[in-house]
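The file data20.txt comes next; it holds compact mmCIF, C-alpha atoms and all ligand atoms.
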# COMPACT_ATOMS: atom_id res chain seq x y z
CA MET A 433 -130.63 21.89 -107.92
CA ALA A 434 -126.90 21.79 -108.60
CA ASP A 435 -125.36 22.05 -112.09
CA ASN A 436 -124.48 18.41 -112.16
CA MET A 437 -128.09 17.29 -111.61
CA SER A 438 -131.13 16.77 -113.76
CA GLN A 439 -134.61 15.46 -113.17
CA LEU A 440 -136.24 12.75 -115.29
CA SER A 441 -139.22 10.48 -114.96
CA CYS A 442 -139.98 6.86 -115.71
CA GLN A 443 -143.25 5.15 -116.56
CA TYR A 444 -143.72 1.61 -115.33
CA GLY A 445 -147.11 0.07 -115.97
CA GLU A 446 -149.56 2.37 -114.25
CA ASP A 447 -146.89 3.89 -112.04
CA GLU A 448 -144.70 6.83 -112.79
CA PHE A 449 -141.82 8.06 -110.71
CA CYS A 450 -139.39 10.96 -110.94
CA TYR A 451 -135.71 10.62 -110.32
CA GLU A 452 -132.72 12.88 -109.89
CA VAL A 453 -129.67 12.19 -111.97
CA ILE A 454 -126.37 13.20 -110.42
CA TYR A 455 -123.40 13.26 -112.75
CA LEU A 456 -120.21 12.31 -110.98
CA PRO A 457 -116.85 12.99 -112.59
CA GLU A 458 -115.07 10.26 -110.62
CA ARG A 459 -117.59 7.59 -111.62
CA LYS A 460 -116.26 5.24 -114.28
CA HIS A 461 -118.93 3.17 -116.05
CA ARG A 462 -121.78 2.03 -113.95
CA ILE A 463 -125.09 3.80 -113.48
CA ALA A 464 -126.36 3.21 -109.94
CA ILE A 465 -129.92 3.66 -108.67
CA HIS A 466 -130.79 4.40 -105.06
CA VAL A 467 -134.18 4.77 -103.44
CA HIS A 468 -133.82 6.92 -100.34
CA PRO A 469 -135.99 6.14 -97.31
CA ASN A 470 -137.99 9.33 -97.93
CA GLY A 471 -138.93 8.14 -101.42
CA VAL A 472 -136.42 10.17 -103.41
CA VAL A 473 -134.99 8.19 -106.30
CA GLN A 474 -131.40 9.08 -107.09
CA VAL A 475 -129.41 7.93 -110.08
CA ASP A 476 -125.63 8.28 -110.04
CA ALA A 477 -124.16 8.42 -113.51
CA PRO A 478 -120.69 9.01 -114.86
CA GLU A 479 -120.12 12.53 -116.13
CA GLY A 480 -121.09 12.71 -119.82
CA ALA A 481 -123.38 9.66 -119.70
CA LYS A 482 -126.04 9.77 -122.42
CA GLN A 483 -129.61 10.36 -121.34
CA THR A 484 -130.80 7.37 -123.39
CA ASP A 485 -128.39 5.11 -121.49
CA ILE A 486 -129.57 6.48 -118.17
CA LYS A 487 -133.22 6.01 -119.11
CA HIS A 488 -132.50 2.48 -120.24
CA ALA A 489 -130.73 1.63 -116.99
CA VAL A 490 -133.65 3.02 -114.96
CA ASN A 491 -136.22 1.16 -117.08
CA GLN A 492 -134.38 -2.07 -116.41
CA ARG A 493 -134.83 -1.60 -112.68
CA ALA A 494 -138.22 0.14 -112.73
CA ARG A 495 -139.98 -2.85 -111.15
CA TRP A 496 -137.56 -2.81 -108.23
CA VAL A 497 -137.94 0.97 -107.79
CA THR A 498 -141.75 0.98 -107.86
CA ARG A 499 -141.85 -1.88 -105.33
CA HIS A 500 -139.57 0.07 -103.03
CA LEU A 501 -141.67 3.21 -103.37
CA ALA A 502 -144.85 1.27 -102.59
CA ASP A 503 -143.23 -0.07 -99.39
CA ILE A 504 -142.26 3.44 -98.36
CA ARG A 505 -145.80 4.77 -98.92
CA GLU A 506 -147.13 1.90 -96.82
CA ARG A 507 -144.73 2.73 -93.98
CA GLN A 508 -145.55 6.43 -94.14
CA LYS A 509 -149.22 5.65 -93.62
CA GLU A 510 -148.39 4.20 -90.21
CA VAL A 511 -146.83 7.43 -89.01
CA LEU A 512 -149.51 9.60 -87.45
CA PRO A 513 -149.21 13.36 -87.14
CA ARG A 514 -147.96 14.46 -83.73
CA ARG A 515 -150.46 15.95 -81.27
CA TYR A 516 -148.12 16.93 -78.40
CA VAL A 517 -150.29 15.55 -75.62
CA SER A 518 -149.55 13.28 -72.65
CA GLY A 519 -149.16 9.64 -73.59
CA GLU A 520 -147.49 10.21 -76.92
CA SER A 521 -144.17 8.55 -77.66
CA CYS A 522 -140.97 10.53 -77.79
CA PHE A 523 -137.69 9.03 -78.90
CA TYR A 524 -134.33 9.86 -77.41
CA LEU A 525 -131.08 7.99 -78.10
CA GLY A 526 -133.04 5.09 -79.53
CA ARG A 527 -135.37 4.68 -76.57
CA ARG A 528 -139.04 5.38 -76.43
CA TYR A 529 -140.33 7.66 -73.67
CA LEU A 530 -143.85 8.70 -72.89
CA LEU A 531 -144.56 12.38 -73.05
CA LYS A 532 -146.07 13.83 -69.89
CA VAL A 533 -147.43 17.35 -70.06
CA ASN A 534 -147.77 18.92 -66.60
CA HIS A 535 -149.54 22.20 -66.14
CA ILE A 536 -147.84 24.54 -63.70
CA ALA A 537 -149.34 27.72 -62.25
CA ASP A 538 -146.25 29.81 -62.67
CA GLY A 539 -142.51 29.69 -63.15
CA LYS A 540 -140.32 28.89 -66.13
CA PRO A 541 -141.19 25.99 -68.40
CA GLU A 542 -138.98 22.96 -67.94
CA THR A 543 -138.41 19.78 -69.93
CA LYS A 544 -136.68 16.79 -68.41
CA LEU A 545 -136.41 13.03 -68.47
CA PHE A 546 -137.65 11.57 -65.24
CA ALA A 547 -138.79 8.06 -64.32
CA GLY A 548 -138.92 6.87 -67.92
CA ARG A 549 -140.97 9.83 -69.02
CA LEU A 550 -140.23 13.00 -70.85
CA ASN A 551 -141.87 15.60 -68.63
CA VAL A 552 -142.78 19.03 -69.83
CA ASN A 553 -143.79 21.40 -67.06
CA THR A 554 -145.36 24.51 -68.44
CA ARG A 555 -148.05 27.13 -67.99
CA ASP A 556 -148.96 27.02 -71.68
CA THR A 557 -149.95 23.45 -72.53
CA SER A 558 -151.05 24.19 -76.10
CA PRO A 559 -149.64 21.76 -78.69
CA GLU A 560 -147.68 24.58 -80.30
CA ALA A 561 -145.99 25.48 -77.00
CA ILE A 562 -145.21 21.82 -76.23
CA LYS A 563 -143.81 21.36 -79.70
CA GLN A 564 -141.45 24.29 -79.25
CA LEU A 565 -140.32 23.22 -75.78
CA LEU A 566 -139.63 19.70 -76.97
CA TRP A 567 -137.77 20.91 -80.00
CA HIS A 568 -135.64 23.19 -77.87
CA TRP A 569 -134.86 20.27 -75.56
CA TYR A 570 -133.94 17.99 -78.48
CA LYS A 571 -131.68 20.61 -80.03
CA THR A 572 -129.87 21.35 -76.77
CA HIS A 573 -129.19 17.65 -76.22
CA ALA A 574 -128.29 17.11 -79.86
CA ARG A 575 -125.67 19.84 -79.77
CA THR A 576 -123.77 18.60 -76.71
CA ASN A 577 -124.20 14.92 -77.50
CA PHE A 578 -123.11 15.09 -81.13
CA GLN A 579 -120.09 17.24 -80.36
CA LYS A 580 -118.99 14.87 -77.59
CA ARG A 581 -119.31 11.85 -79.87
CA LEU A 582 -117.53 13.63 -82.67
CA TYR A 583 -114.52 14.30 -80.45
CA VAL A 584 -114.41 10.63 -79.42
CA LEU A 585 -114.77 9.34 -82.98
CA ALA A 586 -112.34 11.86 -84.44
CA GLU A 587 -109.65 10.30 -82.24
CA LYS A 588 -109.77 7.24 -84.49
CA ILE A 589 -109.01 9.15 -87.66
CA PRO A 590 -105.45 10.41 -88.00
CA ARG A 591 -106.27 13.15 -90.49
CA VAL A 592 -109.04 14.57 -88.30
CA ARG A 593 -107.61 13.96 -84.83
CA LYS A 594 -105.60 17.17 -84.61
CA SER A 595 -108.40 19.56 -85.34
CA PRO A 596 -111.81 17.93 -85.07
CA PRO A 597 -114.49 20.07 -86.69
CA GLU A 598 -117.29 21.87 -84.89
CA ILE A 599 -120.84 20.77 -85.49
CA ARG A 600 -123.64 22.88 -86.84
CA LEU A 601 -127.25 21.81 -86.45
CA LEU A 602 -129.67 22.11 -89.32
CA THR A 603 -133.13 20.59 -89.54
CA MET A 604 -133.37 18.73 -92.82
CA LYS A 605 -136.19 16.74 -94.38
CA ARG A 606 -134.15 14.18 -96.24
CA GLN A 607 -130.71 13.99 -94.72
CA TRP A 608 -129.14 13.12 -91.42
CA GLY A 609 -125.95 14.99 -92.08
CA SER A 610 -123.67 16.59 -94.58
CA CYS A 611 -120.15 17.80 -94.91
CA SER A 612 -119.39 21.08 -96.65
CA PRO A 613 -116.38 21.41 -98.96
CA GLY A 614 -114.96 23.78 -96.35
CA GLY A 615 -114.98 20.93 -93.81
CA LYS A 616 -117.98 21.91 -91.70
CA ILE A 617 -120.12 19.10 -90.42
CA ILE A 618 -123.85 19.66 -90.39
CA LEU A 619 -126.12 17.31 -88.50
CA ASN A 620 -129.88 17.00 -88.32
CA PRO A 621 -131.08 17.49 -84.71
CA HIS A 622 -133.71 14.76 -85.25
CA LEU A 623 -130.79 12.33 -85.21
CA ILE A 624 -130.66 12.63 -81.40
CA LYS A 625 -133.76 10.42 -81.33
CA ALA A 626 -131.83 7.57 -82.98
CA PRO A 627 -129.87 4.78 -81.27
CA ARG A 628 -126.27 5.63 -80.39
CA ASP A 629 -124.69 3.42 -83.05
CA CYS A 630 -126.79 5.19 -85.70
CA ILE A 631 -125.57 8.57 -84.45
CA ASP A 632 -121.99 7.31 -84.60
CA TYR A 633 -122.59 6.04 -88.12
CA VAL A 634 -123.74 9.44 -89.38
CA ILE A 635 -120.90 11.29 -87.64
CA LEU A 636 -118.30 8.81 -88.93
CA HIS A 637 -119.74 9.03 -92.42
CA GLU A 638 -119.30 12.80 -92.38
CA LEU A 639 -115.86 12.62 -90.76
CA CYS A 640 -114.71 10.24 -93.52
CA HIS A 641 -115.83 12.85 -96.03
CA LEU A 642 -113.18 15.18 -94.63
CA GLN A 643 -110.69 12.77 -96.13
CA GLU A 644 -112.67 11.47 -99.13
CA HIS A 645 -115.13 14.03 -100.45
CA ASN A 646 -117.20 11.59 -102.49
CA HIS A 647 -118.79 8.15 -102.21
CA SER A 648 -115.92 6.37 -103.94
CA PRO A 649 -114.81 2.84 -103.03
CA LYS A 650 -111.99 4.49 -101.05
CA PHE A 651 -114.56 6.34 -98.99
CA TYR A 652 -116.41 3.13 -98.12
CA GLN A 653 -113.13 1.38 -97.29
CA LEU A 654 -112.40 4.12 -94.82
CA LEU A 655 -115.88 3.99 -93.29
CA THR A 656 -115.68 0.19 -93.01
CA ARG A 657 -112.36 0.49 -91.20
CA TYR A 658 -113.91 2.68 -88.49
CA GLN A 659 -117.34 1.05 -88.31
CA PRO A 660 -117.23 -2.44 -89.87
CA GLU A 661 -120.96 -3.04 -89.29
CA TRP A 662 -122.06 0.28 -90.81
CA LYS A 663 -124.34 -1.36 -93.38
CA SER A 664 -126.62 -2.94 -90.80
CA VAL A 665 -126.57 0.24 -88.71
CA LYS A 666 -127.54 2.28 -91.76
CA ALA A 667 -130.38 -0.15 -92.53
CA LYS A 668 -131.66 0.26 -88.98
CA LEU A 669 -131.57 4.04 -89.28
CA ASP A 670 -133.32 3.92 -92.67
CA ASN A 671 -136.11 1.86 -91.15
CA LEU A 672 -136.59 4.36 -88.34
CA SER A 673 -136.40 7.47 -90.46
CA GLU A 674 -140.15 8.07 -90.92
CA ILE A 675 -140.74 7.91 -87.19
CA LEU A 676 -137.71 9.93 -86.19
CA LEU A 677 -138.24 12.67 -88.74
CA ASN A 678 -141.86 13.09 -87.75
CA GLN A 679 -141.52 16.18 -85.63
ZN ZN B 1 -121.89 10.96 -97.84
Go ahead and render the structure in this file as structure tokens.
Amino acid sequence: MADNMSQLSCQYGEDEFCYEVIYLPERKHRIAIHVHPNGVVQVDAPEGAKQTDIKHAVNQRARWVTRHLADIRERQKEVLPRRYVSGESCFYLGRRYLLKVNHIADGKPETKLFAGRLNVNTRDTSPEAIKQLLWHWYKTHARTNFQKRLYVLAEKIPRVRKSPPEIRLLTMKRQWGSCSPGGKIILNPHLIKAPRDCIDYVILHELCHLQEHNHSPKFYQLLTRYQPEWKSVKAKLDNLSEILLNQ
């Protein structure tokens, strides 16, 4: 946990939830509460805000938070653990494909999209082997696809156009992407399963951070300029996150 964070909890009726407080120097007055799709509750507070004020603000919205968390738990129940057998669904660029595991007598394993199916040809058809082959396939496609899209999107942004950043892939549990203070863009390979506009949204979000390093109103103005419909795209991605992050 970073220096500017602390962890608190809130009791609401029979429910209790924990939340992370992030103190932001550029934040003026308001305390804002977010419930992330993975169930993490985040509270943004101005630097120096009193803990009693933060607790009060969270208590005021505790009903809303617990409702949200209950919805998330409900959605998570629907997501079954993967088995890596023929007939399972695989997502790629927002489309659903059926997995087809084909046993081959010899030769190198191969994964490819063919006739609406994601075919894995392999000698070792154990779930662990299929999992690894699929993951390798996803990462390879993620790398080329994301970088291509980044170059296209970077063209829109004057500050970034001249030297668009390289992408690094990192599997994350809670995030689709991040932007380091040094200007590196990190993307979650699971994002390759999402629809194209969702991928663009995440890349644009991170590209805008190269200019505005926080989530200030200026940042959102910038994002809105490049993707006016980003809010609905983000909502779509949030709704898919349990399925897409289920490896
Ligand atoms: Zn951000």
Restrict the calculation to only C-alpha atoms and all ligand atoms, then for each residue of chain A with any atom at most 8 Å from an atom of ligand ZN 1 (chain B) give the closest atom pair and their distance in Å to one decimal, rows by chain and rising residue number, as a tab-separated table.
residue	atom	partner	partner_atom	distance
A:Ser610	CA	B:ZN1	ZN	6.7
A:Cys611	CA	B:ZN1	ZN	7.6
A:His637	CA	B:ZN1	ZN	6.1
A:Glu638	CA	B:ZN1	ZN	6.3
A:His641	CA	B:ZN1	ZN	6.6
A:His645	CA	B:ZN1	ZN	7.9
A:Asn646	CA	B:ZN1	ZN	6.6
A:His647	CA	B:ZN1	ZN	6.1
Residue nearest Gln443 of chain A among A:Asn491, A:Asn678, A:Gln653, A:Thr554 (counting only C-alpha atoms):
A:Asn491
Dump as an MDAnalysis selection string all residues having an atom at most 9 Å from (-142.1, 13.6, -86.0), computed in the file's coordinates with all atoms listed in the file.
chainID A and resid 511:514 522 622 674:679
With distances taken over all atoms listed in the file, the candidate from A:Arg600, A:Arg515, A:Arg507, A:Arg493 nearest Asn470 of chain A is A:Arg507
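With all atoms listed in the file as the atoms that count, the minimum distance from Val584 of chain A to the choices A:Asp538, A:Leu669, A:Met604, A:Leu639 is reached by A:Leu639.
Closest to Val473 of chain A among A:Leu655, A:Leu566, A:Leu585, A:Leu440 is A:Leu440, based on only C-alpha atoms.
In this comparison, which uses all atoms listed in the file, the residue of A:Arg593, A:Cys640, A:Lys532, A:Thr498 approaching Gly445 of chain A most closely is A:Thr498.
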If I take atom CA of Gln439 of chain A and atom CA of Val453 of chain A, how far is one from the other in Å, to one decimal?
6.0 Å
If we count all atoms listed in the file, what is near Ile463 of chain A at a cut-off of 10 Å, once residues fewer than 5 positions away on the same chain are taken out, given as a PyMOL selection string?
chain A and resi 453-455+475-478+481+485-486+489-490
Would you pick out the contacts of Lys625 of chain A at 10 Å or less, using all atoms listed in the file, so that residues sharing its chain but fewer than 4 positions from it are not included, and give the list as a JSON list (two decimals) with C-alpha atoms, keeping the file's coordinate frame?
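Once everything was written out, this is around.json:
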[["chain", "number", "residue", "atom", "x", "y", "z"],
["A", 522, "CYS", "CA", -140.97, 10.53, -77.79],
["A", 523, "PHE", "CA", -137.69, 9.03, -78.90],
["A", 524, "TYR", "CA", -134.33, 9.86, -77.41],
["A", 525, "LEU", "CA", -131.08, 7.99, -78.10],
["A", 526, "GLY", "CA", -133.04, 5.09, -79.53],
["A", 527, "ARG", "CA", -135.37, 4.68, -76.57],
["A", 528, "ARG", "CA", -139.04, 5.38, -76.43],
["A", 570, "TYR", "CA", -133.94, 17.99, -78.48],
["A", 573, "HIS", "CA", -129.19, 17.65, -76.22],
["A", 574, "ALA", "CA", -128.29, 17.11, -79.86],
["A", 621, "PRO", "CA", -131.08, 17.49, -84.71],
["A", 630, "CYS", "CA", -126.79, 5.19, -85.70],
["A", 631, "ILE", "CA", -125.57, 8.57, -84.45],
["A", 672, "LEU", "CA", -136.59, 4.36, -88.34],
["A", 673, "SER", "CA", -136.40, 7.47, -90.46],
["A", 675, "ILE", "CA", -140.74, 7.91, -87.19],
["A", 676, "LEU", "CA", -137.71, 9.93, -86.19],
["A", 677, "LEU", "CA", -138.24, 12.67, -88.74]]
Atom CA of Lys540 of chain A to atom CA of Ser521 of chain A measures 23.7 Å
Spatial neighbours of Ile504 of chain A, max dist 10 Å, all atoms listed in the file, sep filter under 4 positions, as a PDB file with C-alpha atoms, in the frame of the given file:
ATOM      1  CA  VAL A 467    -134.180   4.770-103.440  1.00  0.00           C
ATOM      2  CA  HIS A 468    -133.820   6.920-100.340  1.00  0.00           C
ATOM      3  CA  PRO A 469    -135.990   6.140 -97.310  1.00  0.00           C
ATOM      4  CA  ASN A 470    -137.990   9.330 -97.930  1.00  0.00           C
ATOM      5  CA  GLY A 471    -138.930   8.140-101.420  1.00  0.00           C
ATOM      6  CA  THR A 498    -141.750   0.980-107.860  1.00  0.00           C
ATOM      7  CA  ARG A 499    -141.850  -1.880-105.330  1.00  0.00           C
ATOM      8  CA  HIS A 500    -139.570   0.070-103.030  1.00  0.00           C
ATOM      9  CA  GLN A 508    -145.550   6.430 -94.140  1.00  0.00           C
ATOM     10  CA  LYS A 509    -149.220   5.650 -93.620  1.00  0.00           C
ATOM     11  CA  ASN A 671    -136.110   1.860 -91.150  1.00  0.00           C
ATOM     12  CA  GLU A 674    -140.150   8.070 -90.920  1.00  0.00           C
TER      13      GLU A 674
END
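Of note, atom CA of Gly609 of chain A and atom CA of Tyr529 of chain A are spaced 24.5 Å apart.
Taking only C-alpha atoms into account, Asn620 of chain A lies nearest to A:Leu601 out of the set A:Ala561, A:Leu601, A:Leu636, A:Val552.
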Residues near Pro541 of chain A, anyone? I mean within 9 Å using all atoms listed in the file, not counting same-chain ones fewer than 5 positions away, as an MDAnalysis selection string.
chainID A and resid 536 552:556 565
List the residues sitting within 9 Å of (-112.5, 15.9, -79.1) in the file's frame, using only C-alpha atoms, as a ChimeraX atom specification.
/A:579-587,593-597
Taking every listed atom of segment 483-496 of chain A and adding 4 Å to each side, what centre and edge lengths in Å (one decimal) does the axis-aligned box have, as AutoDock Vina command-line options?
--center_x -134.2 --center_y 3.8 --center_z -115.8 --size_x 19.6 --size_y 21.2 --size_z 23.2
